[in-house]
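The file coords.cif contains mmCIF, C-alpha atoms:
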```
data_coords
loop_
_atom_site.label_atom_id
_atom_site.label_comp_id
_atom_site.auth_asym_id
_atom_site.auth_seq_id
_atom_site.Cartn_x
_atom_site.Cartn_y
_atom_site.Cartn_z
CA MET A 4 -12.44 -6.81 -52.23
CA PRO A 5 -13.29 -3.27 -50.95
CA CYS A 6 -13.29 -2.83 -47.18
CA ALA A 7 -16.76 -2.51 -45.66
CA ALA A 8 -15.33 0.08 -43.30
CA HIS A 9 -15.53 2.68 -46.08
CA ASN A 10 -19.33 2.64 -45.69
CA VAL A 11 -19.08 3.61 -42.02
CA PRO A 12 -18.23 7.15 -40.89
CA SER A 13 -14.63 7.36 -39.67
CA GLU A 14 -15.74 8.80 -36.32
CA VAL A 15 -17.81 5.68 -35.64
CA LEU A 16 -14.90 3.40 -36.54
CA GLU A 17 -12.65 5.32 -34.18
CA LEU A 18 -15.15 4.92 -31.34
CA PHE A 19 -15.24 1.15 -31.89
CA ILE A 20 -11.46 0.86 -31.86
CA ASP A 21 -11.17 3.19 -28.85
CA GLU A 22 -13.53 0.90 -26.96
CA LEU A 23 -11.22 -2.04 -27.70
CA GLY A 24 -8.30 0.01 -26.45
CA ASN A 25 -10.09 0.72 -23.17
CA THR A 26 -10.74 -2.96 -22.40
CA ILE A 27 -9.67 -3.89 -18.87
CA ASN A 28 -8.01 -7.13 -19.97
CA GLU A 29 -4.78 -5.88 -21.53
CA ARG A 30 -3.98 -9.11 -23.34
CA GLN A 31 -7.39 -9.33 -25.00
CA SER A 32 -7.20 -5.66 -25.89
CA TRP A 33 -3.76 -6.08 -27.47
CA ASP A 34 -4.87 -9.10 -29.54
CA ALA A 35 -8.01 -7.32 -30.78
CA LEU A 36 -6.14 -4.14 -31.70
CA ARG A 37 -3.45 -6.10 -33.50
CA SER A 38 -6.12 -7.84 -35.57
CA CYS A 39 -7.71 -4.47 -36.39
CA MET A 40 -4.37 -3.09 -37.51
CA LEU A 41 -3.97 -5.93 -40.01
CA VAL A 42 -7.50 -5.77 -41.43
CA CYS A 43 -7.31 -2.64 -43.59
CA HIS A 44 -5.88 0.87 -43.83
CA ALA A 45 -9.03 2.40 -42.32
CA PHE A 46 -8.46 0.48 -39.09
CA ARG A 47 -4.69 0.63 -38.94
CA TYR A 48 -3.87 4.16 -37.80
CA ARG A 49 -6.39 4.24 -34.94
CA ALA A 50 -5.37 0.78 -33.74
CA GLN A 51 -1.70 1.79 -33.79
CA ARG A 52 -2.55 4.79 -31.65
CA HIS A 53 -3.51 2.42 -28.82
CA LEU A 54 -0.97 -0.33 -29.49
CA PHE A 55 2.06 1.96 -29.46
CA ARG A 56 0.88 4.49 -26.88
CA ASP A 57 2.77 2.90 -23.99
CA ILE A 58 6.23 1.38 -24.36
CA LYS A 59 7.36 -0.49 -21.26
CA LEU A 60 10.68 -2.31 -21.24
CA VAL A 61 11.26 -4.58 -18.25
CA GLN A 62 14.44 -6.28 -17.15
CA ASP A 63 13.49 -9.02 -14.70
CA ALA A 64 15.90 -10.02 -11.98
CA HIS A 65 16.71 -13.34 -13.68
CA ILE A 66 17.30 -11.81 -17.13
CA GLN A 67 20.64 -10.39 -18.24
CA SER A 68 20.75 -6.68 -19.02
CA THR A 69 22.06 -7.45 -22.51
CA LYS A 70 18.60 -8.71 -23.50
CA LEU A 71 17.00 -5.39 -22.64
CA VAL A 72 19.79 -3.54 -24.46
CA SER A 73 19.09 -5.72 -27.50
CA ARG A 74 15.42 -4.70 -27.35
CA LEU A 75 16.47 -1.05 -27.21
CA TRP A 76 18.52 -1.47 -30.40
CA LYS A 77 15.59 -3.11 -32.14
CA LEU A 78 13.32 -0.27 -31.05
CA ARG A 79 15.81 2.26 -32.39
CA ALA A 80 15.88 0.46 -35.74
CA MET A 81 12.08 0.48 -35.93
CA MET A 82 12.06 4.23 -35.29
CA LEU A 83 14.84 5.29 -37.62
CA ASP A 84 14.38 2.85 -40.49
CA CYS A 85 10.67 3.56 -41.03
CA HIS A 86 10.19 6.69 -43.14
CA ASP A 87 6.45 6.21 -43.75
CA VAL A 88 4.64 8.26 -41.11
CA SER A 89 1.41 6.31 -41.66
CA ILE A 90 2.96 3.11 -40.28
CA SER A 91 5.61 4.51 -37.93
CA LEU A 92 5.15 3.95 -34.20
CA VAL A 93 6.86 7.22 -33.19
CA PRO A 94 3.84 9.58 -33.54
CA HIS A 95 1.75 7.34 -31.28
CA VAL A 96 4.09 6.89 -28.31
CA ARG A 97 3.02 8.87 -25.25
CA SER A 98 4.59 6.84 -22.43
CA PHE A 99 8.08 5.35 -22.17
CA ARG A 100 8.99 3.32 -19.07
CA LEU A 101 12.18 1.50 -18.13
CA VAL A 102 11.78 -1.00 -15.28
CA MET A 103 14.95 -2.67 -13.99
CA GLU A 104 14.73 -5.30 -11.28
CA SER A 105 18.32 -6.52 -11.12
CA SER A 106 21.46 -4.86 -9.72
CA ALA A 107 22.47 -1.22 -10.04
CA TYR A 108 25.40 -2.33 -12.19
CA ASP A 109 22.96 -3.66 -14.80
CA ALA A 110 21.01 -0.41 -14.57
CA TYR A 111 24.16 1.56 -15.35
CA GLY A 112 24.74 -0.64 -18.40
CA ILE A 113 21.25 0.13 -19.70
CA LEU A 114 21.09 3.85 -18.92
CA ASP A 115 24.59 4.50 -20.25
CA ASN A 116 23.99 2.67 -23.52
CA GLU A 117 24.41 4.93 -26.54
CA VAL A 118 21.06 3.94 -28.03
CA LEU A 119 18.86 5.23 -25.18
CA PRO A 120 19.49 8.98 -25.78
CA VAL A 121 18.71 8.44 -29.47
CA ILE A 122 15.33 6.86 -28.64
CA LEU A 123 14.42 9.53 -26.08
CA THR A 124 15.38 12.33 -28.45
CA LYS A 125 13.11 10.84 -31.11
CA LEU A 126 10.20 10.57 -28.68
CA LEU A 127 10.79 13.84 -26.85
CA PRO A 128 8.33 16.09 -28.75
CA GLN A 129 5.19 14.09 -27.86
CA LEU A 130 6.11 12.08 -24.75
CA GLU A 131 3.67 12.62 -21.85
CA GLU A 132 5.03 10.09 -19.32
CA PHE A 133 8.57 8.95 -18.57
CA ALA A 134 9.77 6.48 -15.94
CA VAL A 135 13.11 5.10 -14.76
CA TRP A 136 12.12 2.54 -12.12
CA ILE A 137 15.07 0.74 -10.50
CA ARG A 138 13.83 -1.85 -8.03
CA SER A 139 17.20 -2.97 -6.72
CA PHE A 140 17.71 -2.32 -3.00
CA SER A 141 21.40 -3.19 -2.96
CA MET A 142 22.69 0.08 -4.38
CA ALA A 143 21.23 3.21 -5.95
CA VAL A 144 22.20 4.68 -9.32
CA ASN A 145 24.24 7.86 -8.95
CA TRP A 146 23.09 10.60 -11.31
CA SER A 147 26.57 12.12 -11.57
CA HIS A 148 28.00 8.79 -12.76
CA LEU A 149 25.68 8.55 -15.77
CA ASN A 150 26.96 9.66 -19.16
CA THR A 151 26.43 13.23 -20.34
CA GLU A 152 24.27 12.24 -23.32
CA PHE A 153 21.64 10.57 -21.14
CA ARG A 154 21.62 13.37 -18.56
CA ASP A 155 21.22 16.04 -21.23
CA VAL A 156 18.30 14.37 -22.97
CA PHE A 157 16.72 13.56 -19.60
CA MET A 158 16.80 17.22 -18.55
CA ALA A 159 15.48 18.28 -21.98
CA LEU A 160 12.66 15.77 -21.58
CA CYS A 161 11.77 17.14 -18.14
CA ARG A 162 11.44 20.60 -19.68
CA SER A 163 9.25 19.41 -22.55
CA PRO A 164 5.85 21.19 -22.47
CA ASN A 165 4.09 17.87 -23.14
CA LEU A 166 5.61 15.82 -20.29
CA LYS A 167 2.99 15.57 -17.54
CA THR A 168 4.10 12.52 -15.50
CA LEU A 169 7.56 11.63 -14.19
CA ARG A 170 8.35 8.46 -12.22
CA LEU A 171 11.80 7.86 -10.70
CA ARG A 172 13.04 5.29 -8.22
CA ASN A 173 16.33 4.49 -6.48
CA MET A 174 18.61 7.27 -7.71
CA VAL A 175 20.95 9.60 -5.79
CA ASP A 176 22.66 12.93 -6.41
CA LEU A 177 19.81 14.21 -8.56
CA PRO A 178 19.93 17.96 -9.30
CA PRO A 179 17.50 19.95 -7.13
CA THR A 180 16.25 21.85 -10.18
CA ILE A 181 15.22 18.71 -12.00
CA LEU A 182 11.78 20.11 -12.85
CA ALA A 183 12.63 23.79 -13.12
CA GLY A 184 10.84 25.15 -16.18
CA SER A 185 8.82 21.96 -16.66
CA ALA A 186 5.08 21.37 -17.11
CA VAL A 187 4.98 18.15 -15.04
CA LYS A 188 1.80 17.73 -12.99
CA ASN A 189 2.23 14.19 -11.63
CA ILE A 190 5.35 12.93 -9.87
CA CYS A 191 6.21 9.55 -8.39
CA PHE A 192 9.52 9.76 -6.48
CA HIS A 193 10.66 6.76 -4.44
CA ILE A 194 14.04 6.30 -2.75
CA LEU A 195 15.53 9.43 -4.31
CA ARG A 196 18.30 11.51 -2.81
CA PHE A 197 19.13 15.01 -4.00
CA ASP A 198 22.43 16.82 -3.69
CA SER A 199 21.09 19.02 -0.90
CA SER A 200 18.44 18.76 1.82
CA THR A 201 17.49 22.43 2.06
CA SER A 202 14.22 24.06 1.02
CA PRO A 203 15.46 25.19 -2.44
CA ILE A 204 15.15 21.52 -3.44
CA LEU A 205 11.40 21.77 -3.14
CA GLU A 206 11.30 24.95 -5.18
CA GLY A 207 13.06 23.10 -7.97
CA LEU A 208 11.03 19.93 -7.65
CA ILE A 209 7.65 21.63 -7.69
CA PRO A 210 8.01 25.01 -9.41
CA ASN A 211 5.14 27.47 -9.05
CA GLY A 212 2.96 24.93 -7.27
CA GLN A 213 1.97 23.30 -10.56
CA VAL A 214 2.02 19.65 -9.42
CA GLU A 215 -1.42 18.14 -8.80
CA SER A 216 -0.53 14.55 -7.87
CA ILE A 217 2.43 13.24 -5.86
CA ASN A 218 3.37 9.67 -4.95
CA ILE A 219 6.28 9.79 -2.51
CA ASP A 220 8.05 8.10 0.39
CA TYR A 221 10.29 9.11 3.30
CA CYS A 222 12.99 10.47 0.96
CA PHE A 223 10.85 13.40 -0.15
CA PRO A 224 12.38 16.61 1.25
CA PHE A 225 9.69 17.61 3.72
CA PRO A 226 10.95 20.17 6.27
CA PRO A 227 12.80 18.53 9.17
CA LEU A 228 11.11 18.23 12.55
CA THR A 229 12.25 20.07 15.66
CA ASP A 230 11.46 19.47 19.32
CA ILE A 231 8.93 22.29 19.10
CA ASP A 232 7.18 20.59 16.17
CA ILE A 233 6.83 17.34 18.09
CA ASP A 234 5.50 19.03 21.23
CA HIS A 235 3.18 21.40 19.31
CA PRO A 236 2.03 19.72 16.07
CA ASP A 237 -0.66 22.37 15.47
CA LEU A 238 1.86 25.16 14.86
CA GLN A 239 1.80 26.77 11.45
CA LEU A 240 4.51 25.76 9.01
CA GLU A 241 5.75 29.31 8.56
CA ASP A 242 8.46 30.15 11.04
CA PRO A 243 9.48 33.81 11.36
CA GLN A 244 13.03 32.69 12.03
CA ASP A 245 13.10 30.53 8.90
CA PRO A 246 11.06 32.19 6.10
CA SER A 247 12.27 29.61 3.55
CA LEU A 248 9.74 27.13 4.96
CA SER A 249 6.98 29.16 3.33
CA ALA A 250 8.18 27.68 0.02
CA TYR A 251 6.28 24.52 0.94
CA LEU A 252 3.03 26.44 1.16
CA THR A 253 3.42 27.73 -2.39
CA ALA A 254 4.90 24.58 -3.91
CA LEU A 255 2.25 22.18 -2.60
CA ALA A 256 -0.75 24.50 -2.75
CA GLN A 257 -2.31 22.86 -5.83
CA VAL A 258 -1.75 19.21 -4.91
CA LYS A 259 -5.04 17.31 -5.22
CA ARG A 260 -3.84 13.73 -4.79
CA LEU A 261 -1.20 12.49 -2.36
CA LYS A 262 0.08 8.96 -1.84
CA TYR A 263 2.62 8.60 0.94
CA ILE A 264 4.47 5.46 1.99
CA ILE A 265 5.14 5.45 5.73
CA PHE A 266 8.20 3.71 7.16
CA SER A 267 8.51 5.35 10.57
CA GLN A 268 6.96 7.75 13.05
CA THR A 269 9.02 10.60 11.64
CA ASP A 270 7.58 10.02 8.15
CA PHE A 271 4.05 10.34 9.42
CA THR A 272 4.68 13.37 11.61
CA ARG A 273 6.53 15.29 8.89
CA SER A 274 3.86 14.64 6.27
CA MET A 275 0.95 15.47 8.58
CA ARG A 276 2.65 18.68 9.70
CA VAL A 277 2.79 19.79 6.07
CA ALA A 278 -0.77 18.57 5.50
CA ARG A 279 -2.01 20.87 8.27
CA ASN A 280 -0.70 23.88 6.38
CA ALA A 281 -0.18 23.25 2.68
CA PHE A 282 -2.80 20.82 1.34
CA ALA A 283 -5.94 22.93 1.30
CA HIS A 284 -6.87 21.61 -2.18
CA LEU A 285 -6.19 17.93 -1.42
CA GLU A 286 -9.01 15.66 -2.65
CA VAL A 287 -7.52 12.16 -2.34
CA LEU A 288 -5.16 11.04 0.44
CA GLU A 289 -3.58 7.57 0.38
CA LEU A 290 -1.35 6.34 3.19
CA GLU A 291 0.44 3.01 2.88
CA ILE A 292 2.15 1.60 5.97
CA ILE A 293 5.20 -0.63 5.63
CA GLU A 294 6.01 -3.26 8.26
CA LEU A 295 9.05 -1.33 9.53
CA VAL A 296 6.65 0.89 11.48
CA THR A 297 6.52 0.10 15.19
CA HIS A 298 3.37 -0.08 17.28
CA ALA A 299 4.36 3.07 19.21
CA PHE A 300 4.01 4.98 15.98
CA PHE A 301 0.48 6.32 16.48
CA ASP A 302 -0.99 8.76 18.94
CA ASP A 303 -3.81 11.29 18.96
CA ALA A 304 -1.47 14.21 18.40
CA TRP A 305 -0.62 12.95 14.96
CA SER A 306 -3.97 11.84 13.60
CA ILE A 307 -5.01 13.05 10.16
CA PRO A 308 -5.84 16.79 10.33
CA PHE A 309 -9.27 16.45 8.72
CA ASP A 310 -10.24 19.99 9.72
CA LYS A 311 -7.37 21.35 7.59
CA LEU A 312 -8.39 19.37 4.50
CA PRO A 313 -11.76 20.91 3.50
CA ASN A 314 -11.79 19.35 0.00
CA LEU A 315 -10.77 15.80 0.96
CA HIS A 316 -13.40 13.40 -0.40
CA THR A 317 -11.48 10.09 -0.55
CA LEU A 318 -9.20 8.51 2.06
CA VAL A 319 -7.25 5.32 1.33
CA LEU A 320 -5.44 3.47 4.14
CA GLY A 321 -3.35 0.34 3.62
CA HIS A 322 -0.90 -1.91 5.41
CA LYS A 323 1.57 -4.30 3.81
CA THR A 324 2.00 -6.69 6.74
CA ASP A 325 -0.07 -9.87 6.92
CA ILE A 326 -3.02 -9.93 9.30
CA ARG A 327 -3.10 -13.38 10.87
CA LEU A 328 -4.39 -15.13 13.95
CA GLY A 329 -2.75 -13.48 16.96
CA ALA A 330 -1.20 -10.66 14.87
CA TYR A 331 -3.68 -7.81 14.42
CA ALA A 332 -1.27 -4.84 14.51
CA PRO A 333 -2.02 -3.76 10.90
CA LEU A 334 -5.69 -3.34 11.80
CA THR A 335 -5.05 -1.46 15.04
CA LYS A 336 -2.53 0.86 13.37
CA VAL A 337 -4.89 1.80 10.57
CA ALA A 338 -7.70 2.33 13.06
CA ALA A 339 -5.40 4.58 15.12
CA ILE A 340 -4.67 6.75 12.08
CA LEU A 341 -8.37 6.97 11.29
CA GLN A 342 -9.38 7.84 14.84
CA PRO A 343 -9.87 11.61 14.93
CA SER A 344 -8.20 13.52 17.74
CA VAL A 345 -10.21 15.34 20.38
CA ASP A 346 -10.04 18.72 18.65
CA THR A 347 -10.25 17.47 15.05
CA MET A 348 -13.34 16.45 13.11
CA PRO A 349 -13.48 14.93 9.64
CA CYS A 350 -14.08 17.42 6.87
CA PRO A 351 -17.61 17.64 5.47
CA ALA A 352 -16.42 16.64 1.99
CA LEU A 353 -15.20 13.16 3.07
CA ARG A 354 -17.38 10.59 1.31
CA ASN A 355 -15.22 7.55 0.54
CA ILE A 356 -12.93 5.48 2.75
CA GLU A 357 -10.96 2.59 1.28
CA PHE A 358 -8.87 -0.03 3.07
CA ASN A 359 -6.14 -2.24 1.59
CA PHE A 360 -5.16 -5.20 3.77
CA VAL A 361 -3.16 -8.40 3.36
CA VAL A 362 -4.54 -11.44 5.22
CA ALA A 363 -2.86 -14.82 5.76
CA SER A 364 -5.44 -17.61 5.56
CA HIS A 365 -5.06 -21.30 6.42
CA ALA A 366 -7.12 -24.36 5.47
CA PRO A 367 -9.87 -25.51 5.82
CA TRP A 368 -11.41 -22.06 5.03
CA ILE A 369 -14.74 -22.84 6.65
CA LYS A 370 -14.88 -20.77 9.83
CA LYS A 371 -15.00 -17.00 9.95
CA VAL A 372 -11.55 -16.84 11.54
CA ALA A 373 -9.98 -18.04 8.27
CA TYR A 374 -11.27 -14.91 6.55
CA PHE A 375 -11.25 -12.30 9.31
CA PRO A 376 -8.75 -13.27 12.04
CA GLY A 377 -9.33 -11.25 15.19
CA GLU A 378 -13.01 -10.58 14.61
CA HIS A 379 -13.21 -8.21 17.58
CA VAL A 380 -10.68 -5.87 15.93
CA TRP A 381 -12.67 -5.81 12.68
CA ASN A 382 -15.80 -5.13 14.75
CA ALA A 383 -14.06 -2.17 16.39
CA LEU A 384 -13.28 -0.74 12.94
CA ASP A 385 -16.94 -1.22 12.01
CA GLY A 386 -17.99 0.75 15.08
CA LEU A 387 -15.49 3.52 14.42
CA LEU A 388 -16.76 4.07 10.88
CA CYS A 389 -20.33 4.40 12.16
CA GLU A 390 -19.54 7.08 14.72
CA GLU A 391 -20.98 10.55 14.31
CA SER A 392 -17.61 11.84 13.09
CA PHE A 393 -18.04 9.84 9.88
CA ASP A 394 -21.71 10.49 9.20
CA GLY A 395 -20.80 12.06 5.86
CA VAL A 396 -19.06 8.91 4.60
CA THR A 397 -21.32 7.06 2.19
CA SER A 398 -18.97 4.44 0.72
CA VAL A 399 -16.56 2.04 2.46
CA THR A 400 -14.41 -0.23 0.29
CA LEU A 401 -12.50 -3.21 1.65
CA ASN A 402 -9.74 -4.58 -0.62
CA LEU A 403 -8.40 -7.84 0.79
CA GLU A 404 -5.42 -9.71 -0.63
CA TYR A 405 -5.43 -13.21 0.83
CA HIS A 406 -2.22 -15.20 1.02
CA ILE A 407 -3.53 -18.75 0.91
CA ILE A 408 -1.48 -21.35 2.76
CA GLN A 409 -2.55 -24.66 1.29
CA GLU A 410 -2.58 -27.87 3.27
CA ARG A 411 -3.44 -31.41 2.28
CA PRO A 412 -6.00 -32.90 1.98
CA TRP A 413 -7.83 -29.58 1.60
CA ALA A 414 -8.46 -28.38 -1.96
CA PHE A 415 -8.67 -24.62 -2.51
CA ASP A 416 -11.57 -23.24 -4.57
CA SER A 417 -11.12 -19.51 -5.23
CA ARG A 418 -14.74 -18.94 -6.28
CA LEU A 419 -16.11 -20.57 -3.14
CA PHE A 420 -13.54 -18.75 -1.01
CA VAL A 421 -14.64 -15.32 -2.30
CA GLU A 422 -18.33 -16.17 -1.78
CA ARG A 423 -17.69 -17.15 1.84
CA CYS A 424 -15.56 -14.07 2.37
CA GLU A 425 -18.39 -11.79 1.23
CA ARG A 426 -20.87 -13.59 3.46
CA HIS A 427 -18.66 -13.35 6.54
CA CYS A 428 -18.00 -9.68 5.81
CA ARG A 429 -21.66 -8.91 6.53
CA GLU A 430 -21.28 -10.55 9.93
CA VAL A 431 -18.02 -8.77 10.78
CA PHE A 432 -19.31 -5.32 9.72
CA PRO A 433 -22.95 -5.45 10.86
CA LYS A 434 -23.33 -1.72 11.56
CA ILE A 435 -22.17 -0.62 8.12
CA HIS A 436 -24.29 -3.21 6.31
CA SER A 437 -27.38 -2.22 8.29
CA SER A 438 -26.78 1.50 7.81
CA LYS A 439 -29.07 3.39 5.46
CA ARG A 440 -26.43 5.99 4.71
CA LYS A 441 -23.43 3.79 3.99
CA GLN A 442 -22.64 1.12 1.43
CA MET A 443 -19.82 -1.38 1.78
CA TRP A 444 -17.94 -2.91 -1.13
CA ILE A 445 -15.54 -5.82 -0.79
CA SER A 446 -12.96 -7.00 -3.28
CA ALA A 447 -11.10 -10.21 -2.42
CA SER A 448 -8.15 -11.63 -4.36
CA CYS A 449 -6.30 -14.85 -3.59
CA ILE A 450 -2.61 -15.65 -3.96
CA PRO A 451 -1.89 -19.34 -3.23
CA LEU A 452 1.44 -19.87 -1.49
CA PRO A 453 3.48 -23.09 -1.78
#
```
Conversion result in structure tokens:
Amino acid sequence: MPCAAHNVPSEVLELFIDELGNTINERQSWDALRSCMLVCHAFRYRAQRHLFRDIKLVQDAHIQSTKLVSRLWKLRAMMLDCHDVSISLVPHVRSFRLVMESSAYDAYGILDNEVLPVILTKLLPQLEEFAVWIRSFSMAVNWSHLNTEFRDVFMALCRSPNLKTLRLRNMVDLPPTILAGSAVKNICFHILRFDSSTSPILEGLIPNGQVESINIDYCFPFPPLTDIDIDHPDLQLEDPQDPSLSAYLTALAQVKRLKYIIFSQTDFTRSMRVARNAFAHLEVLELEIIELVTHAFFDDAWSIPFDKLPNLHTLVLGHKTDIRLGAYAPLTKVAAILQPSVDTMPCPALRNIEFNFVVASHAPWIKKVAYFPGEHVWNALDGLLCEESFDGVTSVTLNLEYHIIQERPWAFDSRLFVERCERHCREVFPKIHSSKRKQMWISASCIPLP
């Protein structure tokens, strides 16, 4: 029986299949695309383009590394044994990610396997994103201990004109010229150590100021602080006695999006010192605070330099520690970062502020305190956002991740919980909800704990 698709223009068919590929629910999207691929030849190629675009291989902590190695061998066979381009997955792959959650020893076994360089070489011409994400905290993978074949193909991949995104985590002894000659625009570097801590590292990491988006933590080689920097945070980054610092101004000049994970006071001060001088084109700033930060972390001298960020339109602030009854430090710390200093005013482009908080909630989930512990602190944040300094802000988003502590005989109803949360939010943030200039959006998710 002839396929009815032949009566429909190919462009229209491609739009239909693309819409399936853009579905938010990944599982539903995968099932629908797989069905399309099996219907007829007219559907197959476009469906494969979405199905095979992203290859992500994950080794969970409880799974032996040999299982992931076995999957790599199967992937190699699929690539090399298929000689029909119309059904091969190779032309469609744009992203290849390795995620390893067990020990560094297992990571060595995977990265040093002979099959991995073969796969990467096959994908190299069209790959746009590459990730080696090692989640183990026990020990990092040493670059110099990896086999030559993997290191060679890795460096060739970094210099591919099509590679735009590179994500690396928990590796040491990386060469400082890892991106020299590359076209990478987006980097995500977490817990990385390079073989030197001097400014030439930055010149190699971000050549010619081409990077537009960076997601980094305390290991990123920002210039070290001196006593003069701490006492005078408004000083320019260029130091006549150390001209090499000017490399930061060139390397970071085109960055439009920055996500920075803060572990200590030094992290914040180093990043904000650079922000005062090098991020003139920054549009989105996201700061995520980890619980290792002490309360003495924040002061007016190190607030966000809004006046030096003329293009900043979106600010995202988050804290990973639970907010609970009697423990409101995450709220006060975020408010302290947001509080402008005496001589600094928010830039006129700032329009959106987003908060990401984790809240511990106990049964019976009836009173306001179960949803917003420490109401007076939330009220203070409401007042801060309605001050004259933030008149230009039109959208405030509150993302709340609730850790639900269940207790008998109370039964948890997630739908009812979210409804009550939204209702109480109007009471906790009365000024924003009554403002004619601002809109507030709330997104609440629930994670039941045993």
| request: List the residues matched by the PyMOL selection byres ((chain A and resi 218) around 8) in the displayed structure as a ChimeraX atom specification, ordered by chain and then by residue number. | output: /A:190-193,216-217,219-220,261-263
Write the residues you've just listed into a file as a JSON list (two decimals), in the frame of the given file, and include C-alpha atoms for each of them.
```
[["chain", "number", "residue", "atom", "x", "y", "z"],
["A", 190, "ILE", "CA", 5.35, 12.93, -9.87],
["A", 191, "CYS", "CA", 6.21, 9.55, -8.39],
["A", 192, "PHE", "CA", 9.52, 9.76, -6.48],
["A", 193, "HIS", "CA", 10.66, 6.76, -4.44],
["A", 216, "SER", "CA", -0.53, 14.55, -7.87],
["A", 217, "ILE", "CA", 2.43, 13.24, -5.86],
["A", 219, "ILE", "CA", 6.28, 9.79, -2.51],
["A", 220, "ASP", "CA", 8.05, 8.10, 0.39],
["A", 261, "LEU", "CA", -1.20, 12.49, -2.36],
["A", 262, "LYS", "CA", 0.08, 8.96, -1.84],
["A", 263, "TYR", "CA", 2.62, 8.60, 0.94]]
```
| message | One decimal, in Å: what's the spacing between atom CA of Ala254 of chain A and atom CA of Asn355 of chain A? | response | 26.7 Å
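Atom CA of Leu320 of chain A is found 8.7 Å from atom CA of Phe360 of chain A.
Counting only C-alpha atoms and comparing A:Ser32, A:Thr269, A:Ser73, A:Gln67, the residue that lies closest to Leu54 of chain A is A:Ser32.
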Determine the residue set returned by the PyMOL selection byres ((chain A and resi 432) around 9) for the present structure, and present it as a CSV table (one decimal) with C-alpha atoms, keeping the file's coordinate frame.
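In the end it all went to out.csv:
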```csv
chain,number,residue,atom,x,y,z
A,381,TRP,CA,-12.7,-5.8,12.7
A,382,ASN,CA,-15.8,-5.1,14.8
A,384,LEU,CA,-13.3,-0.7,12.9
A,385,ASP,CA,-16.9,-1.2,12.0
A,386,GLY,CA,-18.0,0.8,15.1
A,427,HIS,CA,-18.7,-13.4,6.5
A,428,CYS,CA,-18.0,-9.7,5.8
A,429,ARG,CA,-21.7,-8.9,6.5
A,430,GLU,CA,-21.3,-10.6,9.9
A,431,VAL,CA,-18.0,-8.8,10.8
A,433,PRO,CA,-23.0,-5.4,10.9
A,434,LYS,CA,-23.3,-1.7,11.6
A,435,ILE,CA,-22.2,-0.6,8.1
A,436,HIS,CA,-24.3,-3.2,6.3
A,437,SER,CA,-27.4,-2.2,8.3
A,443,MET,CA,-19.8,-1.4,1.8
```
